[in-house]
file work22.cif (mmCIF, C-alpha atoms and all ligand atoms)
data_structure
#
loop_
_atom_site.label_atom_id
_atom_site.label_comp_id
_atom_site.auth_asym_id
_atom_site.auth_seq_id
_atom_site.Cartn_x
_atom_site.Cartn_y
_atom_site.Cartn_z
CA MET A 1 -23.26 50.19 -32.94
CA LYS A 2 -26.76 48.93 -33.79
CA ILE A 3 -28.00 49.29 -37.36
CA PHE A 4 -31.59 50.17 -38.27
CA ALA A 5 -32.37 49.83 -41.97
CA ALA A 6 -35.67 50.77 -43.62
CA ASN A 7 -36.75 49.00 -46.80
CA TRP A 8 -39.58 51.00 -48.34
CA LYS A 9 -40.04 48.58 -51.24
CA MET A 10 -42.18 50.25 -53.97
CA TYR A 11 -43.96 52.66 -51.63
CA LYS A 12 -43.81 56.47 -51.46
CA SER A 13 -43.40 59.28 -53.98
CA PRO A 14 -40.71 61.99 -53.81
CA GLN A 15 -43.21 64.28 -52.05
CA GLU A 16 -44.08 61.57 -49.50
CA THR A 17 -40.36 60.95 -49.02
CA ARG A 18 -39.80 64.61 -48.11
CA GLU A 19 -42.77 64.51 -45.72
CA PHE A 20 -41.46 61.35 -44.04
CA PHE A 21 -38.07 62.90 -43.25
CA ALA A 22 -39.65 66.17 -42.12
CA GLN A 23 -41.64 64.15 -39.54
CA LEU A 24 -38.92 61.69 -38.49
CA LEU A 25 -37.54 62.34 -35.01
CA LEU A 26 -34.67 59.97 -34.28
CA PRO A 27 -33.14 59.40 -30.85
CA ALA A 28 -29.82 61.23 -30.40
CA GLN A 29 -27.88 58.02 -29.90
CA SER A 30 -25.05 56.58 -31.86
CA GLN A 31 -26.59 54.14 -34.28
CA LEU A 32 -26.45 53.66 -38.00
CA VAL A 33 -29.77 54.49 -39.67
CA LEU A 34 -30.17 53.46 -43.31
CA VAL A 35 -33.13 54.11 -45.57
CA PHE A 36 -33.66 52.29 -48.86
CA PRO A 37 -36.35 54.27 -50.74
CA PRO A 38 -37.57 53.33 -54.23
CA ALA A 39 -35.00 54.39 -56.84
CA LEU A 40 -37.25 57.21 -58.07
CA CYS A 41 -37.17 58.75 -54.56
CA VAL A 42 -33.42 58.49 -53.93
CA GLU A 43 -32.74 62.08 -54.95
CA SER A 44 -35.42 63.54 -52.68
CA ALA A 45 -34.26 61.26 -49.84
CA ILE A 46 -30.66 62.45 -50.20
CA GLU A 47 -31.72 66.10 -50.29
CA SER A 48 -33.99 65.62 -47.25
CA THR A 49 -31.30 63.94 -45.13
CA LYS A 50 -28.31 66.20 -45.85
CA GLY A 51 -26.43 66.95 -42.63
CA THR A 52 -28.23 64.21 -40.64
CA GLN A 53 -27.05 60.82 -39.36
CA ILE A 54 -29.21 59.02 -41.95
CA LYS A 55 -27.62 57.24 -44.91
CA ILE A 56 -29.51 56.46 -48.10
CA GLY A 57 -29.19 53.30 -50.15
CA VAL A 58 -30.65 51.65 -53.26
CA GLN A 59 -32.88 48.57 -53.14
CA ASN A 60 -31.39 46.98 -56.24
CA ILE A 61 -28.27 47.47 -58.35
CA SER A 62 -27.02 46.07 -61.61
CA SER A 63 -23.69 44.28 -61.61
CA LYS A 64 -22.65 46.54 -64.52
CA SER A 65 -21.75 50.20 -64.41
CA GLU A 66 -23.77 51.01 -67.55
CA GLY A 67 -25.15 49.27 -70.62
CA ALA A 68 -28.18 48.16 -72.61
CA LEU A 69 -30.03 47.04 -69.47
CA THR A 70 -33.48 48.59 -69.63
CA GLY A 71 -34.94 49.31 -66.21
CA GLU A 72 -31.80 48.56 -64.18
CA ASN A 73 -30.15 50.82 -61.59
CA SER A 74 -26.49 51.70 -61.98
CA ALA A 75 -24.65 51.39 -58.69
CA SER A 76 -22.00 53.82 -59.96
CA VAL A 77 -24.61 56.48 -60.63
CA ALA A 78 -26.28 55.81 -57.28
CA MET A 79 -22.89 56.27 -55.59
CA SER A 80 -22.27 59.54 -57.42
CA MET A 81 -25.66 60.78 -56.15
CA GLY A 82 -24.67 59.99 -52.57
CA CYS A 83 -25.91 56.43 -52.00
CA GLU A 84 -23.31 54.53 -50.01
CA TYR A 85 -25.38 51.37 -49.54
CA ALA A 86 -27.13 48.75 -51.66
CA LEU A 87 -29.59 46.03 -50.70
CA VAL A 88 -28.70 42.79 -52.46
CA GLY A 89 -30.52 39.45 -52.38
CA HIS A 90 -33.80 40.50 -50.80
CA SER A 91 -36.20 37.55 -50.99
CA GLU A 92 -38.53 39.54 -53.27
CA ARG A 93 -35.67 39.99 -55.74
CA ARG A 94 -34.78 36.31 -55.45
CA SER A 95 -38.32 34.99 -55.93
CA LEU A 96 -40.20 37.62 -57.99
CA PHE A 97 -37.28 38.70 -60.18
CA ALA A 98 -35.53 35.31 -60.35
CA GLU A 99 -32.16 36.65 -59.16
CA SER A 100 -29.87 33.66 -58.78
CA ASP A 101 -27.08 33.25 -56.25
CA SER A 102 -24.48 33.81 -58.95
CA VAL A 103 -26.14 37.04 -60.17
CA LEU A 104 -26.30 38.25 -56.57
CA ASN A 105 -22.64 37.37 -56.11
CA GLN A 106 -21.73 39.53 -59.14
CA LYS A 107 -23.77 42.40 -57.70
CA VAL A 108 -22.02 42.27 -54.32
CA LYS A 109 -18.60 42.10 -55.97
CA PHE A 110 -19.36 45.00 -58.29
CA ALA A 111 -20.66 47.12 -55.40
CA GLN A 112 -17.54 46.38 -53.38
CA ASP A 113 -15.28 47.22 -56.32
CA ILE A 114 -16.71 50.72 -56.49
CA GLY A 115 -16.69 51.17 -52.69
CA MET A 116 -20.37 50.64 -52.01
CA ARG A 117 -21.47 48.84 -48.84
CA CYS A 118 -23.91 45.93 -49.29
CA VAL A 119 -26.66 44.62 -47.05
CA PHE A 120 -26.78 41.03 -48.28
CA CYS A 121 -30.05 39.23 -47.47
CA ILE A 122 -30.54 35.55 -46.81
CA GLY A 123 -33.52 33.55 -45.56
CA GLU A 124 -35.40 30.27 -45.68
CA THR A 125 -39.00 29.54 -46.66
CA LEU A 126 -41.50 28.04 -44.22
CA GLU A 127 -41.31 24.70 -46.02
CA GLN A 128 -37.54 24.66 -45.69
CA ARG A 129 -37.76 25.50 -41.97
CA LYS A 130 -40.38 22.83 -41.36
CA SER A 131 -38.25 20.20 -43.04
CA GLY A 132 -35.21 21.11 -40.93
CA GLN A 133 -33.21 22.60 -43.80
CA THR A 134 -32.89 26.17 -42.47
CA PHE A 135 -29.17 26.30 -41.89
CA GLU A 136 -28.33 24.30 -45.04
CA VAL A 137 -30.29 26.85 -47.10
CA LEU A 138 -28.63 29.82 -45.41
CA LYS A 139 -25.17 28.29 -45.70
CA ASN A 140 -25.71 27.72 -49.40
CA GLN A 141 -26.87 31.31 -49.94
CA LEU A 142 -23.83 32.58 -48.03
CA GLN A 143 -21.35 30.31 -49.79
CA LEU A 144 -22.56 31.19 -53.30
CA GLY A 145 -23.48 34.82 -52.73
CA LEU A 146 -20.24 35.71 -50.93
CA LYS A 147 -17.82 33.79 -53.14
CA ASP A 148 -14.66 35.92 -53.55
CA VAL A 149 -16.29 38.79 -51.65
CA LYS A 150 -14.25 40.94 -49.25
CA SER A 151 -15.32 41.02 -45.63
CA GLU A 152 -14.85 44.76 -45.13
CA LYS A 153 -18.04 46.79 -44.97
CA LEU A 154 -20.28 43.76 -45.46
CA ILE A 155 -23.63 43.63 -43.63
CA ILE A 156 -25.81 40.50 -43.58
CA ALA A 157 -29.58 40.52 -43.08
CA TYR A 158 -31.24 37.29 -41.97
CA GLU A 159 -34.86 37.47 -43.10
CA PRO A 160 -36.95 34.31 -42.82
CA VAL A 161 -39.12 34.48 -45.93
CA TRP A 162 -42.18 33.33 -43.95
CA ALA A 163 -41.87 36.37 -41.68
CA ILE A 164 -41.60 39.07 -44.38
CA GLY A 165 -44.74 41.15 -44.66
CA THR A 166 -46.83 38.39 -43.08
CA GLY A 167 -47.11 39.67 -39.52
CA LEU A 168 -45.36 36.48 -38.38
CA THR A 169 -42.09 37.16 -36.60
CA ALA A 170 -39.40 34.69 -35.64
CA THR A 171 -39.43 34.45 -31.86
CA PRO A 172 -36.39 36.08 -30.25
CA GLN A 173 -35.14 32.54 -29.48
CA GLN A 174 -35.63 31.34 -33.08
CA ALA A 175 -33.89 34.44 -34.45
CA GLN A 176 -31.02 34.15 -31.96
CA GLU A 177 -30.51 30.45 -32.60
CA THR A 178 -30.41 30.87 -36.38
CA GLN A 179 -28.36 34.06 -36.33
CA SER A 180 -25.75 32.56 -34.02
CA GLN A 181 -25.25 29.81 -36.63
CA VAL A 182 -24.86 32.48 -39.29
CA VAL A 183 -22.35 34.38 -37.13
CA THR A 184 -20.36 31.18 -36.61
CA TRP A 185 -20.30 30.51 -40.36
CA LEU A 186 -19.17 34.11 -41.00
CA ASN A 187 -16.40 33.80 -38.41
CA GLU A 188 -15.17 30.53 -39.88
CA ASN A 189 -15.19 31.80 -43.45
CA GLY A 190 -13.29 35.07 -43.24
CA PHE A 191 -16.19 37.42 -42.50
CA SER A 192 -15.81 37.84 -38.76
CA GLY A 193 -17.22 41.07 -37.45
CA ALA A 194 -19.84 41.42 -40.18
CA PRO A 195 -23.03 42.66 -38.49
CA VAL A 196 -26.09 40.40 -38.88
CA LEU A 197 -29.46 42.16 -38.94
CA TYR A 198 -32.82 40.49 -38.37
CA GLY A 199 -35.75 41.24 -40.68
CA GLY A 200 -39.33 39.97 -40.77
CA SER A 201 -42.32 41.86 -39.37
CA VAL A 202 -40.27 43.90 -36.89
CA LYS A 203 -42.62 46.33 -35.11
CA PRO A 204 -42.26 48.72 -32.16
CA ASP A 205 -43.79 46.11 -29.85
CA ASN A 206 -41.43 43.23 -30.70
CA ALA A 207 -38.25 45.21 -31.38
CA LYS A 208 -37.08 45.50 -27.75
CA GLU A 209 -36.92 41.80 -27.09
CA LEU A 210 -35.38 40.97 -30.46
CA ILE A 211 -32.64 43.60 -30.21
CA GLN A 212 -31.50 42.17 -26.87
CA GLN A 213 -30.43 38.92 -28.54
CA LYS A 214 -26.67 38.56 -28.67
CA SER A 215 -26.41 37.76 -32.38
CA ILE A 216 -28.78 40.50 -33.60
CA SER A 217 -26.88 43.64 -34.63
CA GLY A 218 -29.91 45.55 -35.83
CA PHE A 219 -32.96 45.28 -38.05
CA LEU A 220 -34.07 45.45 -41.67
CA ILE A 221 -37.62 46.78 -41.47
CA GLY A 222 -40.24 46.82 -44.21
CA GLY A 223 -43.85 47.75 -43.36
CA ALA A 224 -43.16 49.45 -40.03
CA SER A 225 -40.49 51.70 -41.58
CA LEU A 226 -43.03 53.50 -43.76
CA ASN A 227 -44.39 55.42 -40.82
CA PRO A 228 -41.94 57.93 -39.27
CA GLU A 229 -43.30 57.32 -35.75
CA SER A 230 -43.08 53.54 -35.78
CA PHE A 231 -39.65 53.64 -37.46
CA ALA A 232 -38.38 56.07 -34.80
CA GLN A 233 -39.81 53.88 -32.04
CA ILE A 234 -37.97 50.85 -33.42
CA CYS A 235 -34.73 52.88 -33.60
CA GLN A 236 -35.24 53.72 -29.92
CA SER A 237 -35.50 50.07 -28.94
C1 LIG B 1 -38.43 43.45 -45.67
O1 LIG B 1 -39.05 43.78 -46.67
O2 LIG B 1 -37.20 43.34 -45.73
C2 LIG B 1 -39.18 43.18 -44.44
C3 LIG B 1 -38.55 42.67 -43.42
O3 LIG B 1 -40.51 43.50 -44.44
P1 LIG B 1 -41.52 43.49 -43.17
O4 LIG B 1 -40.81 44.21 -42.05
O5 LIG B 1 -42.73 44.21 -43.66
O6 LIG B 1 -41.76 42.07 -42.84
#
call {"tool": "encode", "arguments": {"input": "work22.cif", "output": "structure tokens", "more": "lines below"}}
Ligand code: PEP
result
Amino acid sequence: MKIFAANWKMYKSPQETREFFAQLLLPAQSQLVLVFPPALCVESAIESTKGTQIKIGVQNISSKSEGALTGENSASVAMSMGCEYALVGHSERRSLFAESDSVLNQKVKFAQDIGMRCVFCIGETLEQRKSGQTFEVLKNQLQLGLKDVKSEKLIIAYEPVWAIGTGLTATPQQAQETQSQVVTWLNENGFSGAPVLYGGSVKPDNAKELIQQKSISGFLIGGASLNPESFAQICQS
């Protein structure tokens, strides 16, 4: 089953969230559709998607259930509201919010302990790709981020940092080559069967070719997921 995940980042209000779902027409195929709205829109997203195939997740979770952690999102509370998924390790969290591999590892473990499913993101910068370090970087992120993590319910998203929000996309060959190395690592390290999504400027016009690649199990989509028509078109790919 292919997975199509929308990362809305810090876009949309609760009203805009309701309008998006009222306009979204998804193909009647079996696929897993996930939407990660901003935390302030989770409630309206859950209400708007009741009884549909769409699952709602949170873009960031704390590794603690509660505490003196101003501004953080409790995964336990998100779960009790109906969020079954959490995005962990997005490159914006890694670079703009200085989330280290060990912090991300604690988040994944906490989410798993309470039964939440994680989409764990990895990716290299352009400099790292140019200097031939891509797989070393990804392997390191996987090794540290997934230390003592269970394989059940885990989803990986490979997102080259240079392709996020830039309009640059990895070619289908580049994505396939890198993702097949990730799949091999997962198989050799007790995570066989974990789906690996591709993310980085996925649009309706490049989705078809990318989704045909053997090691791509679906997409994590930023910009193009904000519009119900383009998101639906990508889900149809
Ligand atoms: C993302 O934010 O995860 C992402 C892939 O963004 P975009 O599709 O806009 O590159």
call {"tool": "closest_atom_pairs", "arguments": {"input": "work22.cif", "of": "chain A", "to": "ligand LIG 1 (chain B)", "cutoff": "10 Å", "atoms": "all atoms listed in the file", "output": "CSV"}}
result
residue,atom,partner,partner_atom,distance
A:Ala5,CA,B:LIG1,O2,8.9
A:Ala6,CA,B:LIG1,O2,7.9
A:Asn7,CA,B:LIG1,O1,5.7
A:Trp8,CA,B:LIG1,O1,7.4
A:Lys9,CA,B:LIG1,O1,6.7
A:Leu87,CA,B:LIG1,O2,9.5
A:His90,CA,B:LIG1,O2,6.7
A:Ser91,CA,B:LIG1,O2,7.9
A:Glu92,CA,B:LIG1,O1,7.9
A:Cys121,CA,B:LIG1,O2,8.4
A:Ala157,CA,B:LIG1,O2,8.5
A:Tyr158,CA,B:LIG1,C3,9.2
A:Glu159,CA,B:LIG1,C3,6.4
A:Pro160,CA,B:LIG1,C3,8.5
A:Val161,CA,B:LIG1,C3,8.6
A:Trp162,CA,B:LIG1,O6,8.8
A:Ala163,CA,B:LIG1,O6,5.8
A:Ile164,CA,B:LIG1,O6,3.4
A:Gly165,CA,B:LIG1,O6,3.6
A:Thr166,CA,B:LIG1,O6,6.3
A:Gly167,CA,B:LIG1,O6,6.7
A:Leu168,CA,B:LIG1,O6,8.0
A:Thr169,CA,B:LIG1,O6,7.9
A:Tyr198,CA,B:LIG1,C3,7.9
A:Gly199,CA,B:LIG1,C3,4.2
A:Gly200,CA,B:LIG1,O6,3.8
A:Ser201,CA,B:LIG1,O6,3.5
A:Val202,CA,B:LIG1,O4,5.2
A:Lys203,CA,B:LIG1,O4,7.5
A:Phe219,CA,B:LIG1,C3,8.2
A:Leu220,CA,B:LIG1,O2,5.5
A:Ile221,CA,B:LIG1,O4,4.1
A:Gly222,CA,B:LIG1,O3,3.3
A:Gly223,CA,B:LIG1,O5,3.7
A:Ala224,CA,B:LIG1,O4,6.1
A:Ser225,CA,B:LIG1,O4,7.5
A:Leu226,CA,B:LIG1,O5,9.3
call {"tool": "closest_residue", "arguments": {"input": "work22.cif", "among": "A:Val182, A:Ile216, A:Leu154, A:Ala98", "to": "Ile122 of chain A", "atoms": "all atoms listed in the file"}}
result
A:Val182
call {"tool": "closest_residue", "arguments": {"input": "work22.cif", "among": "A:Ser63, A:Phe4, A:Gln112, A:Asp148", "to": "Val196 of chain A", "atoms": "all atoms listed in the file"}}
result
A:Phe4
call {"tool": "residues_around", "arguments": {"input": "work22.cif", "residues": "Ser237 of chain A", "least_positions_apart": "5", "cutoff": "9 Å", "atoms": "all atoms listed in the file", "output": "VMD selection string"}}
result
chain A and resid 204 207 to 209 211 232
call {"tool": "atom_distance", "arguments": {"input": "work22.cif", "atom1": "atom CA of Arg18 of chain A", "atom2": "atom CA of Ser48 of chain A"}}
result
6.0 Å
call {"tool": "atom_distance", "arguments": {"input": "work22.cif", "atom1": "atom CA of Lys64 of chain A", "atom2": "atom CA of Phe97 of chain A"}}
result
17.2 Å
call {"tool": "atom_distance", "arguments": {"input": "work22.cif", "atom1": "atom CA of Ser180 of chain A", "atom2": "atom CA of Gly218 of chain A"}}
result
13.8 Å
call {"tool": "closest_residue", "arguments": {"input": "work22.cif", "among": "A:Ala175, A:Leu126, A:Ile56, A:Leu32", "to": "Ala78 of chain A", "atoms": "all atoms listed in the file"}}
result
A:Ile56
call {"tool": "closest_residue", "arguments": {"input": "work22.cif", "among": "A:Asn73, A:Ile61, A:Gln143, A:Gly67", "to": "Ala111 of chain A", "atoms": "only C-alpha atoms"}}
result
A:Ile61
call {"tool": "closest_residue", "arguments": {"input": "work22.cif", "among": "A:Asn227, A:Gln212, A:Glu84, A:Glu152", "to": "Gly193 of chain A", "atoms": "all atoms listed in the file"}}
result
A:Glu152
call {"tool": "residues_around", "arguments": {"input": "work22.cif", "residues": "Ile156 of chain A", "least_positions_apart": "6", "cutoff": "7 Å", "atoms": "all atoms listed in the file", "output": "ChimeraX atom specification"}}
result
/A:119-121,194-197
call {"tool": "closest_residue", "arguments": {"input": "work22.cif", "among": "A:Asp113, A:Leu186, A:Cys235, A:Val108", "to": "Gly89 of chain A", "atoms": "only C-alpha atoms"}}
result
A:Val108
call {"tool": "residues_around", "arguments": {"input": "work22.cif", "residues": "Leu25 of chain A", "least_positions_apart": "3", "cutoff": "9 Å", "atoms": "all atoms listed in the file", "output": "list in words"}}
result
Phe21, Ala22, Pro228, Glu229 and Ala232 of chain A
call {"tool": "residues_around", "arguments": {"input": "work22.cif", "residues": "Asp205 of chain A", "least_positions_apart": "6", "cutoff": "10 Å", "atoms": "all atoms listed in the file", "output": "PDB file with C-alpha atoms, keeping the file's coordinate frame"}}
result
ATOM      1  CA  SER A 230     -43.080  53.540 -35.780  1.00  0.00           C
ATOM      2  CA  GLN A 233     -39.810  53.880 -32.040  1.00  0.00           C
ATOM      3  CA  ILE A 234     -37.970  50.850 -33.420  1.00  0.00           C
ATOM      4  CA  SER A 237     -35.500  50.070 -28.940  1.00  0.00           C
TER       5      SER A 237
END
call {"tool": "decode", "arguments": {"input": "work22.cif", "residues": "segment 92-103 of chain A", "atoms": "all heavy atoms", "output": "PDB file, in the first residue's frame"}}
result
ATOM      1  N   GLU A  92      13.824  20.576   9.135  1.00  0.00           N
ATOM      2  CA  GLU A  92      13.623  21.890   9.757  1.00  0.00           C
ATOM      3  C   GLU A  92      13.724  21.795  11.282  1.00  0.00           C
ATOM      4  O   GLU A  92      14.198  22.724  11.935  1.00  0.00           O
ATOM      5  CB  GLU A  92      12.271  22.475   9.315  1.00  0.00           C
ATOM      6  CG  GLU A  92      12.338  22.949   7.873  1.00  0.00           C
ATOM      7  CD  GLU A  92      11.011  22.928   7.126  1.00  0.00           C
ATOM      8  OE1 GLU A  92       9.946  22.900   7.758  1.00  0.00           O
ATOM      9  OE2 GLU A  92      11.059  22.929   5.879  1.00  0.00           O
ATOM     10  N   ARG A  93      13.286  20.698  11.850  1.00  0.00           N
ATOM     11  CA  ARG A  93      13.445  20.495  13.299  1.00  0.00           C
ATOM     12  C   ARG A  93      14.921  20.280  13.640  1.00  0.00           C
ATOM     13  O   ARG A  93      15.417  20.770  14.637  1.00  0.00           O
ATOM     14  CB  ARG A  93      12.632  19.284  13.796  1.00  0.00           C
ATOM     15  CG  ARG A  93      11.140  19.349  13.598  1.00  0.00           C
ATOM     16  CD  ARG A  93      10.423  20.420  14.358  1.00  0.00           C
ATOM     17  NE  ARG A  93      10.791  20.574  15.734  1.00  0.00           N
ATOM     18  CZ  ARG A  93      10.334  21.566  16.529  1.00  0.00           C
ATOM     19  NH1 ARG A  93       9.485  22.474  16.057  1.00  0.00           N
ATOM     20  NH2 ARG A  93      10.706  21.658  17.783  1.00  0.00           N
ATOM     21  N   ARG A  94      15.608  19.541  12.772  1.00  0.00           N
ATOM     22  CA  ARG A  94      17.033  19.279  13.043  1.00  0.00           C
ATOM     23  C   ARG A  94      17.833  20.578  12.958  1.00  0.00           C
ATOM     24  O   ARG A  94      18.642  20.866  13.828  1.00  0.00           O
ATOM     25  CB  ARG A  94      17.603  18.281  12.021  1.00  0.00           C
ATOM     26  CG  ARG A  94      17.100  16.855  12.169  1.00  0.00           C
ATOM     27  CD  ARG A  94      17.709  15.986  11.052  1.00  0.00           C
ATOM     28  NE  ARG A  94      17.170  14.648  10.997  1.00  0.00           N
ATOM     29  CZ  ARG A  94      17.722  13.584  11.592  1.00  0.00           C
ATOM     30  NH1 ARG A  94      18.830  13.695  12.277  1.00  0.00           N
ATOM     31  NH2 ARG A  94      17.164  12.383  11.467  1.00  0.00           N
ATOM     32  N   SER A  95      17.602  21.380  11.887  1.00  0.00           N
ATOM     33  CA  SER A  95      18.477  22.541  11.704  1.00  0.00           C
ATOM     34  C   SER A  95      17.971  23.777  12.439  1.00  0.00           C
ATOM     35  O   SER A  95      18.739  24.444  13.127  1.00  0.00           O
ATOM     36  CB  SER A  95      18.665  22.825  10.216  1.00  0.00           C
ATOM     37  OG  SER A  95      17.430  23.158   9.638  1.00  0.00           O
ATOM     38  N   LEU A  96      16.678  24.105  12.349  1.00  0.00           N
ATOM     39  CA  LEU A  96      16.189  25.355  12.947  1.00  0.00           C
ATOM     40  C   LEU A  96      15.946  25.240  14.450  1.00  0.00           C
ATOM     41  O   LEU A  96      15.958  26.225  15.161  1.00  0.00           O
ATOM     42  CB  LEU A  96      14.894  25.802  12.260  1.00  0.00           C
ATOM     43  CG  LEU A  96      14.962  25.994  10.749  1.00  0.00           C
ATOM     44  CD1 LEU A  96      13.594  26.314  10.176  1.00  0.00           C
ATOM     45  CD2 LEU A  96      15.941  27.123  10.408  1.00  0.00           C
ATOM     46  N   PHE A  97      15.662  24.010  14.911  1.00  0.00           N
ATOM     47  CA  PHE A  97      15.363  23.835  16.338  1.00  0.00           C
ATOM     48  C   PHE A  97      16.423  22.982  17.037  1.00  0.00           C
ATOM     49  O   PHE A  97      16.212  22.523  18.154  1.00  0.00           O
ATOM     50  CB  PHE A  97      13.959  23.232  16.511  1.00  0.00           C
ATOM     51  CG  PHE A  97      12.882  24.127  15.956  1.00  0.00           C
ATOM     52  CD1 PHE A  97      12.472  24.009  14.628  1.00  0.00           C
ATOM     53  CD2 PHE A  97      12.313  25.125  16.737  1.00  0.00           C
ATOM     54  CE1 PHE A  97      11.501  24.856  14.093  1.00  0.00           C
ATOM     55  CE2 PHE A  97      11.342  25.970  16.216  1.00  0.00           C
ATOM     56  CZ  PHE A  97      10.930  25.839  14.887  1.00  0.00           C
ATOM     57  N   ALA A  98      17.529  22.770  16.340  1.00  0.00           N
ATOM     58  CA  ALA A  98      18.704  22.080  16.906  1.00  0.00           C
ATOM     59  C   ALA A  98      18.379  20.743  17.562  1.00  0.00           C
ATOM     60  O   ALA A  98      18.911  20.418  18.622  1.00  0.00           O
ATOM     61  CB  ALA A  98      19.412  23.006  17.891  1.00  0.00           C
ATOM     62  N   GLU A  99      17.479  19.959  16.961  1.00  0.00           N
ATOM     63  CA  GLU A  99      17.149  18.657  17.549  1.00  0.00           C
ATOM     64  C   GLU A  99      18.234  17.646  17.175  1.00  0.00           C
ATOM     65  O   GLU A  99      18.465  17.374  15.998  1.00  0.00           O
ATOM     66  CB  GLU A  99      15.762  18.202  17.093  1.00  0.00           C
ATOM     67  CG  GLU A  99      14.687  19.109  17.654  1.00  0.00           C
ATOM     68  CD  GLU A  99      13.275  18.574  17.487  1.00  0.00           C
ATOM     69  OE1 GLU A  99      13.074  17.528  16.855  1.00  0.00           O
ATOM     70  OE2 GLU A  99      12.365  19.237  18.001  1.00  0.00           O
ATOM     71  N   SER A 100      18.880  17.123  18.177  1.00  0.00           N
ATOM     72  CA  SER A 100      20.011  16.209  17.939  1.00  0.00           C
ATOM     73  C   SER A 100      19.494  14.792  17.679  1.00  0.00           C
ATOM     74  O   SER A 100      18.338  14.465  17.967  1.00  0.00           O
ATOM     75  CB  SER A 100      20.915  16.188  19.159  1.00  0.00           C
ATOM     76  OG  SER A 100      20.200  15.619  20.242  1.00  0.00           O
ATOM     77  N   ASP A 101      20.393  13.952  17.177  1.00  0.00           N
ATOM     78  CA  ASP A 101      20.018  12.551  16.930  1.00  0.00           C
ATOM     79  C   ASP A 101      19.538  11.877  18.216  1.00  0.00           C
ATOM     80  O   ASP A 101      18.611  11.093  18.188  1.00  0.00           O
ATOM     81  CB  ASP A 101      21.225  11.785  16.368  1.00  0.00           C
ATOM     82  CG  ASP A 101      21.581  12.252  14.970  1.00  0.00           C
ATOM     83  OD1 ASP A 101      20.736  12.152  14.072  1.00  0.00           O
ATOM     84  OD2 ASP A 101      22.708  12.740  14.773  1.00  0.00           O
ATOM     85  N   SER A 102      20.175  12.208  19.342  1.00  0.00           N
ATOM     86  CA  SER A 102      19.770  11.506  20.565  1.00  0.00           C
ATOM     87  C   SER A 102      18.407  11.995  21.059  1.00  0.00           C
ATOM     88  O   SER A 102      17.596  11.218  21.550  1.00  0.00           O
ATOM     89  CB  SER A 102      20.849  11.590  21.645  1.00  0.00           C
ATOM     90  OG  SER A 102      20.867  12.861  22.194  1.00  0.00           O
ATOM     91  N   VAL A 103      18.115  13.281  20.882  1.00  0.00           N
ATOM     92  CA  VAL A 103      16.775  13.787  21.243  1.00  0.00           C
ATOM     93  C   VAL A 103      15.724  13.122  20.351  1.00  0.00           C
ATOM     94  O   VAL A 103      14.671  12.672  20.809  1.00  0.00           O
ATOM     95  CB  VAL A 103      16.725  15.334  21.108  1.00  0.00           C
ATOM     96  CG1 VAL A 103      15.301  15.857  21.058  1.00  0.00           C
ATOM     97  CG2 VAL A 103      17.486  15.984  22.244  1.00  0.00           C
TER      98      VAL A 103
END
